[in-house]
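J.: Take a look at work.txt, compact mmCIF, C-alpha atoms:
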```txt
# COMPACT_ATOMS: atom_id res chain seq x y z
CA MET J 1 0.00 0.00 0.00
CA VAL J 2 1.33 3.42 -0.94
CA SER J 3 1.57 6.01 1.81
CA GLY J 4 -1.64 7.96 2.14
CA SER J 5 -3.24 6.07 -0.71
CA VAL J 6 -6.98 5.76 -1.30
CA ILE J 7 -8.73 2.65 -2.58
CA ILE J 8 -11.67 3.65 -4.76
CA VAL J 9 -14.46 1.06 -4.73
CA GLY J 10 -15.60 0.75 -8.32
CA ALA J 11 -19.05 -0.03 -9.63
CA GLU J 12 -17.99 -3.52 -10.68
CA GLY J 13 -16.28 -4.44 -7.43
CA ASP J 14 -12.79 -3.39 -8.54
CA TYR J 15 -10.38 -1.34 -6.46
CA VAL J 16 -8.13 1.37 -7.83
CA THR J 17 -5.16 2.52 -5.74
CA VAL J 18 -4.46 6.23 -6.11
CA PRO J 19 -1.05 7.07 -4.58
CA ASP J 20 -0.17 10.26 -2.75
CA VAL J 21 -3.01 12.44 -3.94
CA PRO J 22 -3.33 15.59 -1.82
CA SER J 23 -6.79 16.44 -0.63
CA GLY J 24 -8.74 18.50 -3.15
CA GLU J 25 -6.87 17.21 -6.24
CA PRO J 26 -8.36 14.81 -8.80
CA LEU J 27 -8.66 11.12 -7.99
CA GLY J 28 -9.05 9.93 -11.57
CA SER J 29 -11.18 11.46 -14.25
CA ALA J 30 -14.52 11.32 -12.42
CA ILE J 31 -13.76 11.09 -8.69
CA MET J 32 -12.65 14.04 -6.61
CA ALA J 33 -11.23 14.03 -3.09
CA THR J 34 -13.46 16.72 -1.66
CA SER J 35 -12.91 16.06 2.04
CA GLU J 36 -10.02 15.91 4.47
CA GLY J 37 -11.99 13.38 6.51
CA TYR J 38 -10.37 10.32 4.95
CA GLY J 39 -7.22 9.12 3.22
CA ARG J 40 -4.32 11.46 2.62
CA GLY J 41 -6.11 14.52 3.96
CA LEU J 42 -6.68 12.80 7.30
CA ALA J 43 -3.12 11.43 7.35
CA ASP J 44 -1.71 14.94 6.94
CA ARG J 45 -3.76 16.25 9.88
CA LEU J 46 -2.54 13.40 12.09
CA HIS J 47 1.06 13.85 10.92
CA ILE J 48 1.43 10.26 9.77
CA GLU J 49 2.60 8.75 6.51
CA GLN J 50 0.40 5.70 6.02
CA ALA J 51 -3.38 5.98 5.90
CA PRO J 52 -4.93 3.38 3.59
CA ALA J 53 -8.57 4.19 2.91
CA ILE J 54 -11.54 2.68 1.13
CA LEU J 55 -14.09 5.03 -0.41
CA SER J 56 -17.55 3.63 -1.09
CA ARG J 57 -20.34 5.16 -3.14
CA VAL J 58 -23.02 2.60 -2.42
CA LEU J 59 -25.50 5.42 -1.69
CA ARG J 60 -24.78 7.00 -5.10
CA THR J 61 -25.47 10.52 -3.87
CA ALA J 62 -22.87 10.61 -1.08
CA ASP J 63 -19.54 9.04 -0.18
CA MET J 64 -18.66 7.04 2.88
CA ALA J 65 -15.11 6.02 3.72
CA VAL J 66 -12.99 4.15 6.22
CA THR J 67 -9.35 5.01 6.91
CA GLU J 68 -6.80 3.13 8.99
CA THR J 69 -4.32 5.36 10.83
CA ARG J 70 -1.34 3.93 12.66
CA CYS J 71 1.88 5.44 14.01
CA ASP J 72 4.20 3.85 16.57
CA ASN J 73 6.49 6.88 16.96
CA PRO J 74 4.44 10.06 16.61
CA VAL J 75 5.88 13.54 16.53
CA VAL J 76 4.50 15.10 19.71
CA GLY J 77 2.06 17.91 18.97
CA LEU J 78 -1.53 18.79 18.19
CA SER J 79 -3.39 17.22 15.32
CA GLY J 80 -4.10 19.64 12.52
CA SER J 81 -7.53 21.18 12.05
CA LEU J 82 -9.71 19.55 9.42
CA GLN J 83 -11.59 21.55 6.84
CA PRO J 84 -14.97 22.34 8.46
CA GLU J 85 -17.83 20.43 6.85
CA ASP J 86 -21.21 18.98 7.76
CA ALA J 87 -19.85 15.51 8.44
CA PHE J 88 -18.81 13.19 11.25
CA LEU J 89 -15.73 11.11 11.91
CA VAL J 90 -16.46 8.02 13.97
CA SER J 91 -13.24 6.54 15.33
CA LEU J 92 -12.63 3.00 16.55
CA THR J 93 -9.60 2.82 18.83
CA LEU J 94 -7.49 -0.28 18.16
CA ARG J 95 -4.74 0.51 20.69
CA ASP J 96 -5.20 1.92 24.18
CA TYR J 97 -4.73 5.67 24.24
CA PRO J 98 -4.39 6.78 27.87
CA HIS J 99 -4.79 10.40 28.93
CA ARG J 100 -6.18 11.70 25.65
CA VAL J 101 -6.43 15.50 25.65
CA TYR J 102 -9.16 16.71 23.30
CA TRP J 103 -10.47 20.10 22.11
CA GLU J 104 -13.43 21.31 20.03
CA ASP J 105 -13.58 24.84 18.63
CA GLY J 106 -10.47 25.67 20.65
CA ARG J 107 -12.06 24.65 23.96
CA LEU J 108 -10.73 21.81 26.09
CA MET J 109 -13.50 19.20 26.14
CA SER J 110 -12.02 16.20 27.93
CA VAL J 111 -8.95 14.48 29.30
CA CYS J 112 -9.66 10.77 29.48
CA ASP J 113 -8.41 7.28 28.74
CA VAL J 114 -9.72 5.75 25.52
CA ARG J 115 -9.39 1.97 25.52
CA ALA J 116 -8.96 -0.36 22.58
CA GLY J 117 -12.40 -1.24 21.23
CA GLN J 118 -13.98 2.07 22.22
CA THR J 119 -15.55 4.57 19.83
CA CYS J 120 -15.41 8.36 19.70
CA ILE J 121 -17.63 10.58 17.54
CA HIS J 122 -16.24 13.82 16.13
CA ASP J 123 -18.29 16.58 14.50
CA LEU J 124 -16.21 18.15 11.72
CA LYS J 125 -18.11 21.42 12.12
CA ARG J 126 -16.58 21.78 15.59
CA ASP J 127 -12.86 21.63 14.71
CA PRO J 128 -11.89 18.48 16.69
CA VAL J 129 -8.23 18.51 17.75
CA ALA J 130 -6.29 16.09 19.97
CA LEU J 131 -2.83 15.97 21.50
CA LEU J 132 -0.73 13.36 19.70
CA ASP J 133 1.85 12.27 22.23
CA LYS J 134 1.77 8.46 22.16
CA PRO J 135 1.42 5.63 19.62
CA ILE J 136 -1.92 5.50 17.78
CA HIS J 137 -3.92 2.92 15.89
CA HIS J 138 -7.45 3.83 14.82
CA LEU J 139 -10.07 3.29 12.18
CA PHE J 140 -11.90 6.45 11.14
CA PHE J 141 -15.30 6.18 9.47
CA TYR J 142 -16.23 9.22 7.42
CA LEU J 143 -19.98 9.95 7.39
CA PRO J 144 -21.02 13.18 5.64
CA ARG J 145 -24.46 14.70 6.07
CA GLY J 146 -25.37 13.58 2.57
CA ALA J 147 -24.78 9.95 3.53
CA LEU J 148 -26.88 10.23 6.69
CA ASP J 149 -29.70 11.86 4.72
CA ALA J 150 -29.49 9.18 2.02
CA ILE J 151 -29.66 6.44 4.65
CA ALA J 152 -32.80 8.02 6.13
CA ASP J 153 -34.35 8.33 2.68
CA GLU J 154 -33.47 4.73 1.75
CA THR J 155 -35.09 3.40 4.92
CA GLU J 156 -38.03 5.85 4.71
CA SER J 157 -37.10 7.35 8.05
CA GLN J 158 -37.10 10.92 9.28
CA ARG J 159 -33.78 12.65 8.66
CA ILE J 160 -31.70 13.17 11.79
CA ASP J 161 -30.48 16.54 13.04
CA ASP J 162 -27.35 15.59 14.94
CA LEU J 163 -25.55 12.69 16.59
CA ASN J 164 -25.90 12.50 20.34
CA HIS J 165 -22.42 11.99 21.77
CA LYS J 166 -19.95 13.11 24.40
CA PRO J 167 -16.19 13.73 23.97
CA VAL J 168 -15.23 10.45 25.65
CA GLY J 169 -14.76 6.83 24.64
CA ILE J 170 -17.99 4.88 24.02
CA ASP J 171 -18.40 1.12 24.34
CA ASP J 172 -20.18 0.05 21.17
CA ASP J 173 -19.79 -3.60 20.28
CA THR J 174 -21.45 -3.18 16.88
CA ILE J 175 -19.00 -0.53 15.67
CA ALA J 176 -16.09 -2.52 17.11
CA SER J 177 -17.19 -5.70 15.32
CA LEU J 178 -17.89 -4.01 11.98
CA GLY J 179 -14.60 -2.14 12.14
CA ARG J 180 -12.52 -5.24 12.77
CA VAL J 181 -13.99 -7.13 9.81
CA LEU J 182 -12.77 -4.30 7.54
CA LEU J 183 -9.13 -4.56 8.63
CA PRO J 184 -8.30 -7.33 6.13
CA ALA J 185 -9.85 -5.25 3.35
CA LEU J 186 -7.61 -2.32 4.23
CA SER J 187 -4.54 -4.59 4.33
CA ASN J 188 -5.41 -6.59 1.20
CA PRO J 189 -7.82 -4.61 -0.99
CA ASP J 190 -7.29 -6.91 -3.97
CA ARG J 191 -8.80 -9.79 -2.00
CA SER J 192 -11.90 -7.86 -1.00
CA ASN J 193 -14.95 -6.89 -2.98
CA GLN J 194 -17.29 -3.96 -3.32
CA LEU J 195 -20.38 -5.74 -2.06
CA PHE J 196 -18.71 -6.71 1.21
CA VAL J 197 -17.30 -3.26 1.94
CA ASP J 198 -20.49 -1.49 0.89
CA HIS J 199 -22.64 -3.66 3.13
CA VAL J 200 -20.39 -3.11 6.15
CA LEU J 201 -20.22 0.67 5.71
CA LEU J 202 -23.94 0.94 5.01
CA GLY J 203 -24.72 -1.22 8.05
CA LEU J 204 -22.47 0.94 10.20
CA GLY J 205 -24.13 4.11 8.91
CA ILE J 206 -27.59 2.74 9.69
CA HIS J 207 -26.47 1.67 13.18
CA ILE J 208 -24.98 5.09 13.94
CA SER J 209 -28.03 6.94 12.58
CA HIS J 210 -30.35 4.78 14.68
CA THR J 211 -28.29 4.61 17.89
CA TYR J 212 -26.88 8.12 18.07
CA GLY J 213 -29.20 10.06 15.77
CA GLY J 214 -32.50 8.59 16.93
CA MET J 215 -33.48 7.65 13.37
CA ARG J 216 -36.81 5.82 13.29
CA PRO J 217 -38.86 4.59 10.30
CA LEU J 218 -41.84 6.74 9.38
CA SER J 219 -43.93 3.61 8.96
CA LEU J 220 -43.52 -0.03 9.92
CA PRO J 221 -43.11 -2.64 7.19
CA ILE J 222 -46.01 -4.99 6.58
CA ARG J 223 -45.49 -8.19 8.52
CA GLY J 224 -43.97 -10.72 6.17
CA GLY J 225 -43.64 -8.07 3.45
CA LEU J 226 -40.78 -6.12 1.97
CA ALA J 227 -38.83 -3.42 3.77
CA ALA J 228 -39.36 0.11 2.49
CA TRP J 229 -36.07 0.18 0.60
CA GLN J 230 -36.90 -3.18 -1.01
CA VAL J 231 -40.28 -1.89 -2.20
CA ARG J 232 -38.60 1.17 -3.68
CA ARG J 233 -35.85 -0.88 -5.35
CA ALA J 234 -38.35 -3.35 -6.84
CA LYS J 235 -40.55 -0.54 -8.15
CA GLU J 236 -37.56 1.18 -9.74
CA ILE J 237 -36.47 -1.96 -11.57
CA LEU J 238 -39.94 -2.99 -12.69
CA SER J 239 -40.87 0.53 -13.79
CA ALA J 240 -37.71 0.76 -15.87
CA ASN J 241 -38.55 -2.53 -17.58
CA LEU J 242 -42.21 -2.29 -18.60
CA ASP J 243 -41.71 -5.01 -21.18
CA GLY J 244 -41.26 -7.47 -18.32
CA ARG J 245 -38.10 -8.92 -19.78
CA VAL J 246 -36.06 -8.43 -16.61
CA PRO J 247 -36.02 -11.83 -14.85
CA LEU J 248 -37.83 -11.87 -11.53
CA LYS J 249 -34.78 -13.48 -9.94
CA GLU J 250 -32.78 -10.34 -10.78
CA VAL J 251 -35.32 -8.13 -9.03
CA ALA J 252 -35.27 -10.50 -6.05
CA ARG J 253 -31.48 -10.47 -6.01
CA ALA J 254 -31.43 -6.67 -5.99
CA CYS J 255 -33.58 -6.87 -2.85
CA GLY J 256 -31.32 -9.48 -1.25
CA LEU J 257 -34.01 -12.19 -1.31
CA SER J 258 -34.69 -15.53 -2.95
CA MET J 259 -37.18 -15.43 -5.82
CA SER J 260 -39.88 -17.37 -3.95
CA TYR J 261 -39.61 -15.26 -0.79
CA PHE J 262 -39.55 -12.04 -2.82
CA SER J 263 -42.73 -13.00 -4.68
CA ARG J 264 -44.62 -13.68 -1.45
CA ALA J 265 -43.29 -10.58 0.30
CA PHE J 266 -44.03 -8.36 -2.72
CA SER J 267 -47.62 -9.60 -2.83
CA ARG J 268 -48.07 -8.82 0.88
CA SER J 269 -46.65 -5.32 0.52
CA MET J 270 -48.23 -4.33 -2.80
CA GLY J 271 -51.46 -6.31 -2.71
CA ALA J 272 -50.65 -8.03 -6.00
CA ALA J 273 -48.09 -10.43 -7.42
CA PRO J 274 -45.18 -8.77 -9.28
CA HIS J 275 -46.50 -9.62 -12.76
CA LYS J 276 -50.01 -8.33 -11.95
CA TRP J 277 -48.59 -5.15 -10.44
CA LEU J 278 -46.50 -4.68 -13.57
CA LEU J 279 -49.62 -5.05 -15.78
CA THR J 280 -51.34 -2.32 -13.78
CA LEU J 281 -48.27 -0.12 -14.16
CA ARG J 282 -48.31 -0.67 -17.93
CA VAL J 283 -51.96 0.36 -18.07
CA GLU J 284 -51.20 3.58 -16.14
CA ALA J 285 -48.34 4.28 -18.54
CA ALA J 286 -50.69 3.58 -21.46
CA LYS J 287 -53.18 6.14 -20.14
CA GLU J 288 -50.50 8.82 -20.27
CA LYS J 289 -49.55 7.85 -23.83
CA LEU J 290 -53.19 7.80 -24.95
CA ARG J 291 -53.46 11.50 -24.13
CA ASP J 292 -51.19 12.13 -27.11
CA SER J 293 -53.50 11.86 -30.10
CA ARG J 294 -50.55 11.59 -32.47
CA LEU J 295 -49.75 8.09 -31.15
CA SER J 296 -51.58 5.11 -32.59
CA LEU J 297 -52.76 2.29 -30.34
CA LEU J 298 -49.93 0.19 -31.74
CA ASP J 299 -47.42 2.91 -30.76
CA VAL J 300 -48.89 3.00 -27.24
CA ALA J 301 -48.76 -0.78 -26.93
CA SER J 302 -45.13 -0.90 -28.03
CA ALA J 303 -44.07 1.96 -25.73
CA CYS J 304 -45.74 0.44 -22.66
CA GLY J 305 -44.44 -3.10 -22.93
CA PHE J 306 -47.47 -4.85 -24.46
CA ALA J 307 -46.90 -7.57 -27.04
CA ASP J 308 -49.18 -5.89 -29.58
CA GLN J 309 -52.33 -3.76 -29.90
CA SER J 310 -54.57 -6.73 -29.15
CA HIS J 311 -52.69 -7.41 -25.93
CA LEU J 312 -53.03 -3.76 -24.89
CA THR J 313 -56.78 -3.82 -25.59
CA GLN J 314 -57.30 -7.05 -23.67
CA VAL J 315 -55.42 -6.00 -20.53
CA PHE J 316 -56.59 -2.38 -20.58
CA THR J 317 -60.25 -3.39 -20.92
CA ARG J 318 -60.00 -5.93 -18.09
CA ILE J 319 -58.42 -3.47 -15.66
CA VAL J 320 -60.09 -0.17 -16.64
CA GLY J 321 -63.44 -1.49 -17.78
CA VAL J 322 -63.38 0.13 -21.23
CA SER J 323 -61.15 -0.31 -24.28
CA PRO J 324 -58.19 2.06 -24.78
CA GLY J 325 -59.91 3.53 -27.84
CA ALA J 326 -63.07 4.28 -25.85
CA TRP J 327 -61.00 5.72 -23.00
CA ARG J 328 -59.20 8.03 -25.41
CA ARG J 329 -62.47 9.22 -27.03
CA ALA J 330 -63.88 9.99 -23.57
CA LEU J 331 -61.03 12.46 -23.07
CA ASP J 332 -62.52 14.69 -25.77
CA GLU J 333 -66.07 14.63 -24.45
```
In structure tokens, what does this structure look like?

T.:
Amino acid sequence: MVSGSVIIVGAEGDYVTVPDVPSGEPLGSAIMATSEGYGRGLADRLHIEQAPAILSRVLRTADMAVTETRCDNPVVGLSGSLQPEDAFLVSLTLRDYPHRVYWEDGRLMSVCDVRAGQTCIHDLKRDPVALLDKPIHHLFFYLPRGALDAIADETESQRIDDLNHKPVGIDDDTIASLGRVLLPALSNPDRSNQLFVDHVLLGLGIHISHTYGGMRPLSLPIRGGLAAWQVRRAKEILSANLDGRVPLKEVARACGLSMSYFSRAFSRSMGAAPHKWLLTLRVEAAKEKLRDSRLSLLDVASACGFADQSHLTQVFTRIVGVSPGAWRRALDE
């Protein structure tokens, strides 16, 4: 691993090592290092050379990252200030750090022992600074506001305002366990995969949002049905494939379920089997197309995933109660 390098988690599960890229400079043609909360930017603030990091974009709209920081012979002094941003650094201590002296916004907040396995939460809006006067070994999880909002949206929960925390070590077995399973990935990125890292970081983000942000779902899932994010994912895939050619097993896989379980759970949540729900969706799409008088019934059938005009007429009449031609004429009355 190159000093201060960042491992970019690619869309196909590949990892790209970007050596010695200062914070704020390009990481490839499409990825920018916009934060000092991970990788080289964090290494510079802690005055250390090695800081392997994995950056994950599983949420698409926001990055999450994990960085390993280790130094056996630190140069005694204060850590550097990080660029203020609406984000949190959640640290997992992997080596006892006795008598940690810690400031926020220039004010002394605590002097305490932080034991291996304990967690500390740092708000990057508050300029967290610590005295570096003994060997360190930590994992730092970077969670920007965008990631926390995306997690709330994905789980159909109310967005959180802040994380409830104190400037001391916290015993959190979940964070400790999730952090330790990522250590091999940071040591051997070529042997890891995107799905594994994404799931761990997403699970950690959900746990932190729930435990320290008070995130709660806006509505409870139907017993035996799909979770809110699974309903949304299934709808997205089915809506994008009105012709029905996407195999049901692929939709089930995207929801992390077997095909048989997905079919039952979908029916409970949506009140109809996937193929029947898709037919209804095609009919709704057909109604929108029928408003355009320039389109023939054959054009509408083709655009909405029906085999032909006869198929459109048959399904439309059964669900709506009138033929598509009659429905269109009624628009002009």

J.: Measuring between all atoms listed in the file, which one of J:Leu55, J:Leu257, J:Leu163, J:Val168 shows the shortest distance to Asp123 (chain J)?

T.: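 Of all the options, J:Leu163 lies closest to Asp123 (chain J).
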
J.: Show me as a CSV table (one decimal) with C-alpha atoms, in the frame of the given file the residues that reach within 8 Å of (-6.1, 5.9, 11.4), counting only C-alpha atoms and using the file's own coordinates.

T.:
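Writing the result to point.csv gives the following:
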```csv
chain,number,residue,atom,x,y,z
J,43,ALA,CA,-3.1,11.4,7.4
J,51,ALA,CA,-3.4,6.0,5.9
J,67,THR,CA,-9.4,5.0,6.9
J,68,GLU,CA,-6.8,3.1,9.0
J,69,THR,CA,-4.3,5.4,10.8
J,70,ARG,CA,-1.3,3.9,12.7
J,136,ILE,CA,-1.9,5.5,17.8
J,137,HIS,CA,-3.9,2.9,15.9
J,138,HIS,CA,-7.4,3.8,14.8
J,139,LEU,CA,-10.1,3.3,12.2
J,140,PHE,CA,-11.9,6.4,11.1
```

J.: Counting all atoms listed in the file, which residues come within 8 Å of (-31.2, 14.5, 5.8), with the point read in the file's coordinates, and could you list them as an MDAnalysis selection string?

T.: chainID J and resid 145:146 148:150 152:153 158:161

J.: Which polymer residues have any atom within 8 Å of an atom of region 196-198 of chain J, counting only C-alpha atoms, with same-chain residues fewer than 6 positions away left out, as a list in words?

T.: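 Residues near the query, excluding close chain neighbours: Ser56, Arg57, Val58, Leu182 and Ala185 of chain J.
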
J.: To one decimal place in Å, what is the distance between CA of Val231 (chain J) and CA of Phe266 (chain J)?

T.: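 Atom-to-atom, CA of Val231 (chain J) and CA of Phe266 (chain J) are spaced 7.5 Å apart.
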
J.: What gap, in Å, lies between CA of Leu201 (chain J) and CA of Thr61 (chain J)?

T.: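 Separation of CA of Leu201 (chain J) and CA of Thr61 (chain J): 14.7 Å.
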
J.: What does the distance from CA of Gly321 (chain J) to CA of Asp299 (chain J) come to in Å, to one decimal?

T.: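 Computed distance, CA of Gly321 (chain J) to CA of Asp299 (chain J), equals 21.1 Å.
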
J.: Let me have the centre and edge lengths in Å, one decimal, of the box along x, y and z around every listed atom of region 280-284 of chain J with 8 Å of margin on each side, as JSON.

T.:
```
{"center_x": -50.1, "center_y": 0.6, "center_z": -15.9, "size_x": 19.7, "size_y": 21.9, "size_z": 20.3}
```

J.: Rank nothing, just name the residue among J:Leu178, J:Val129, J:Lys276, J:Tyr212 nearest to Leu46 (chain J), using all atoms listed in the file.

T.: J:Val129

J.: Excluding region 235-252 of chain J and its own-chain neighbours fewer than 5 positions away, which residues fall within 12 Å of it when counting only C-alpha atoms? Please give them as a PDB file with C-alpha atoms, keeping the file's coordinate frame.

T.:
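Just written: around37.pdb:
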```pdb
ATOM      1  CA  LEU J 226     -40.780  -6.120   1.970  1.00  0.00           C
ATOM      2  CA  ALA J 228     -39.360   0.110   2.490  1.00  0.00           C
ATOM      3  CA  TRP J 229     -36.070   0.180   0.600  1.00  0.00           C
ATOM      4  CA  GLN J 230     -36.900  -3.180  -1.010  1.00  0.00           C
ATOM      5  CA  LEU J 257     -34.010 -12.190  -1.310  1.00  0.00           C
ATOM      6  CA  SER J 258     -34.690 -15.530  -2.950  1.00  0.00           C
ATOM      7  CA  MET J 259     -37.180 -15.430  -5.820  1.00  0.00           C
ATOM      8  CA  SER J 260     -39.880 -17.370  -3.950  1.00  0.00           C
ATOM      9  CA  TYR J 261     -39.610 -15.260  -0.790  1.00  0.00           C
ATOM     10  CA  PHE J 262     -39.550 -12.040  -2.820  1.00  0.00           C
ATOM     11  CA  SER J 263     -42.730 -13.000  -4.680  1.00  0.00           C
ATOM     12  CA  ARG J 264     -44.620 -13.680  -1.450  1.00  0.00           C
ATOM     13  CA  ALA J 265     -43.290 -10.580   0.300  1.00  0.00           C
ATOM     14  CA  PHE J 266     -44.030  -8.360  -2.720  1.00  0.00           C
ATOM     15  CA  SER J 269     -46.650  -5.320   0.520  1.00  0.00           C
ATOM     16  CA  MET J 270     -48.230  -4.330  -2.800  1.00  0.00           C
ATOM     17  CA  ALA J 273     -48.090 -10.430  -7.420  1.00  0.00           C
ATOM     18  CA  PRO J 274     -45.180  -8.770  -9.280  1.00  0.00           C
ATOM     19  CA  HIS J 275     -46.500  -9.620 -12.760  1.00  0.00           C
ATOM     20  CA  LYS J 276     -50.010  -8.330 -11.950  1.00  0.00           C
ATOM     21  CA  TRP J 277     -48.590  -5.150 -10.440  1.00  0.00           C
ATOM     22  CA  LEU J 278     -46.500  -4.680 -13.570  1.00  0.00           C
ATOM     23  CA  LEU J 279     -49.620  -5.050 -15.780  1.00  0.00           C
ATOM     24  CA  THR J 280     -51.340  -2.320 -13.780  1.00  0.00           C
ATOM     25  CA  LEU J 281     -48.270  -0.120 -14.160  1.00  0.00           C
ATOM     26  CA  ARG J 282     -48.310  -0.670 -17.930  1.00  0.00           C
ATOM     27  CA  VAL J 283     -51.960   0.360 -18.070  1.00  0.00           C
ATOM     28  CA  GLU J 284     -51.200   3.580 -16.140  1.00  0.00           C
ATOM     29  CA  ALA J 285     -48.340   4.280 -18.540  1.00  0.00           C
ATOM     30  CA  ALA J 286     -50.690   3.580 -21.460  1.00  0.00           C
ATOM     31  CA  ALA J 301     -48.760  -0.780 -26.930  1.00  0.00           C
ATOM     32  CA  SER J 302     -45.130  -0.900 -28.030  1.00  0.00           C
ATOM     33  CA  ALA J 303     -44.070   1.960 -25.730  1.00  0.00           C
ATOM     34  CA  CYS J 304     -45.740   0.440 -22.660  1.00  0.00           C
ATOM     35  CA  GLY J 305     -44.440  -3.100 -22.930  1.00  0.00           C
ATOM     36  CA  PHE J 306     -47.470  -4.850 -24.460  1.00  0.00           C
ATOM     37  CA  ALA J 307     -46.900  -7.570 -27.040  1.00  0.00           C
ATOM     38  CA  ASP J 308     -49.180  -5.890 -29.580  1.00  0.00           C
ATOM     39  CA  LEU J 312     -53.030  -3.760 -24.890  1.00  0.00           C
TER      40      LEU J 312
END
```

J.: Measuring atom to atom with only C-alpha atoms, identify which of J:Pro135, J:Val111, J:Pro324, J:Gly256 is nearest to Lys287 (chain J).

T.: J:Pro324

J.: Find, counting all atoms listed in the file, the residue in J:Gly80, J:Gly37, J:Pro74, J:Pro184 that gets nearest to Glu49 (chain J).

T.: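 With all atoms listed in the file as the atom set, the closest residue is J:Pro74.
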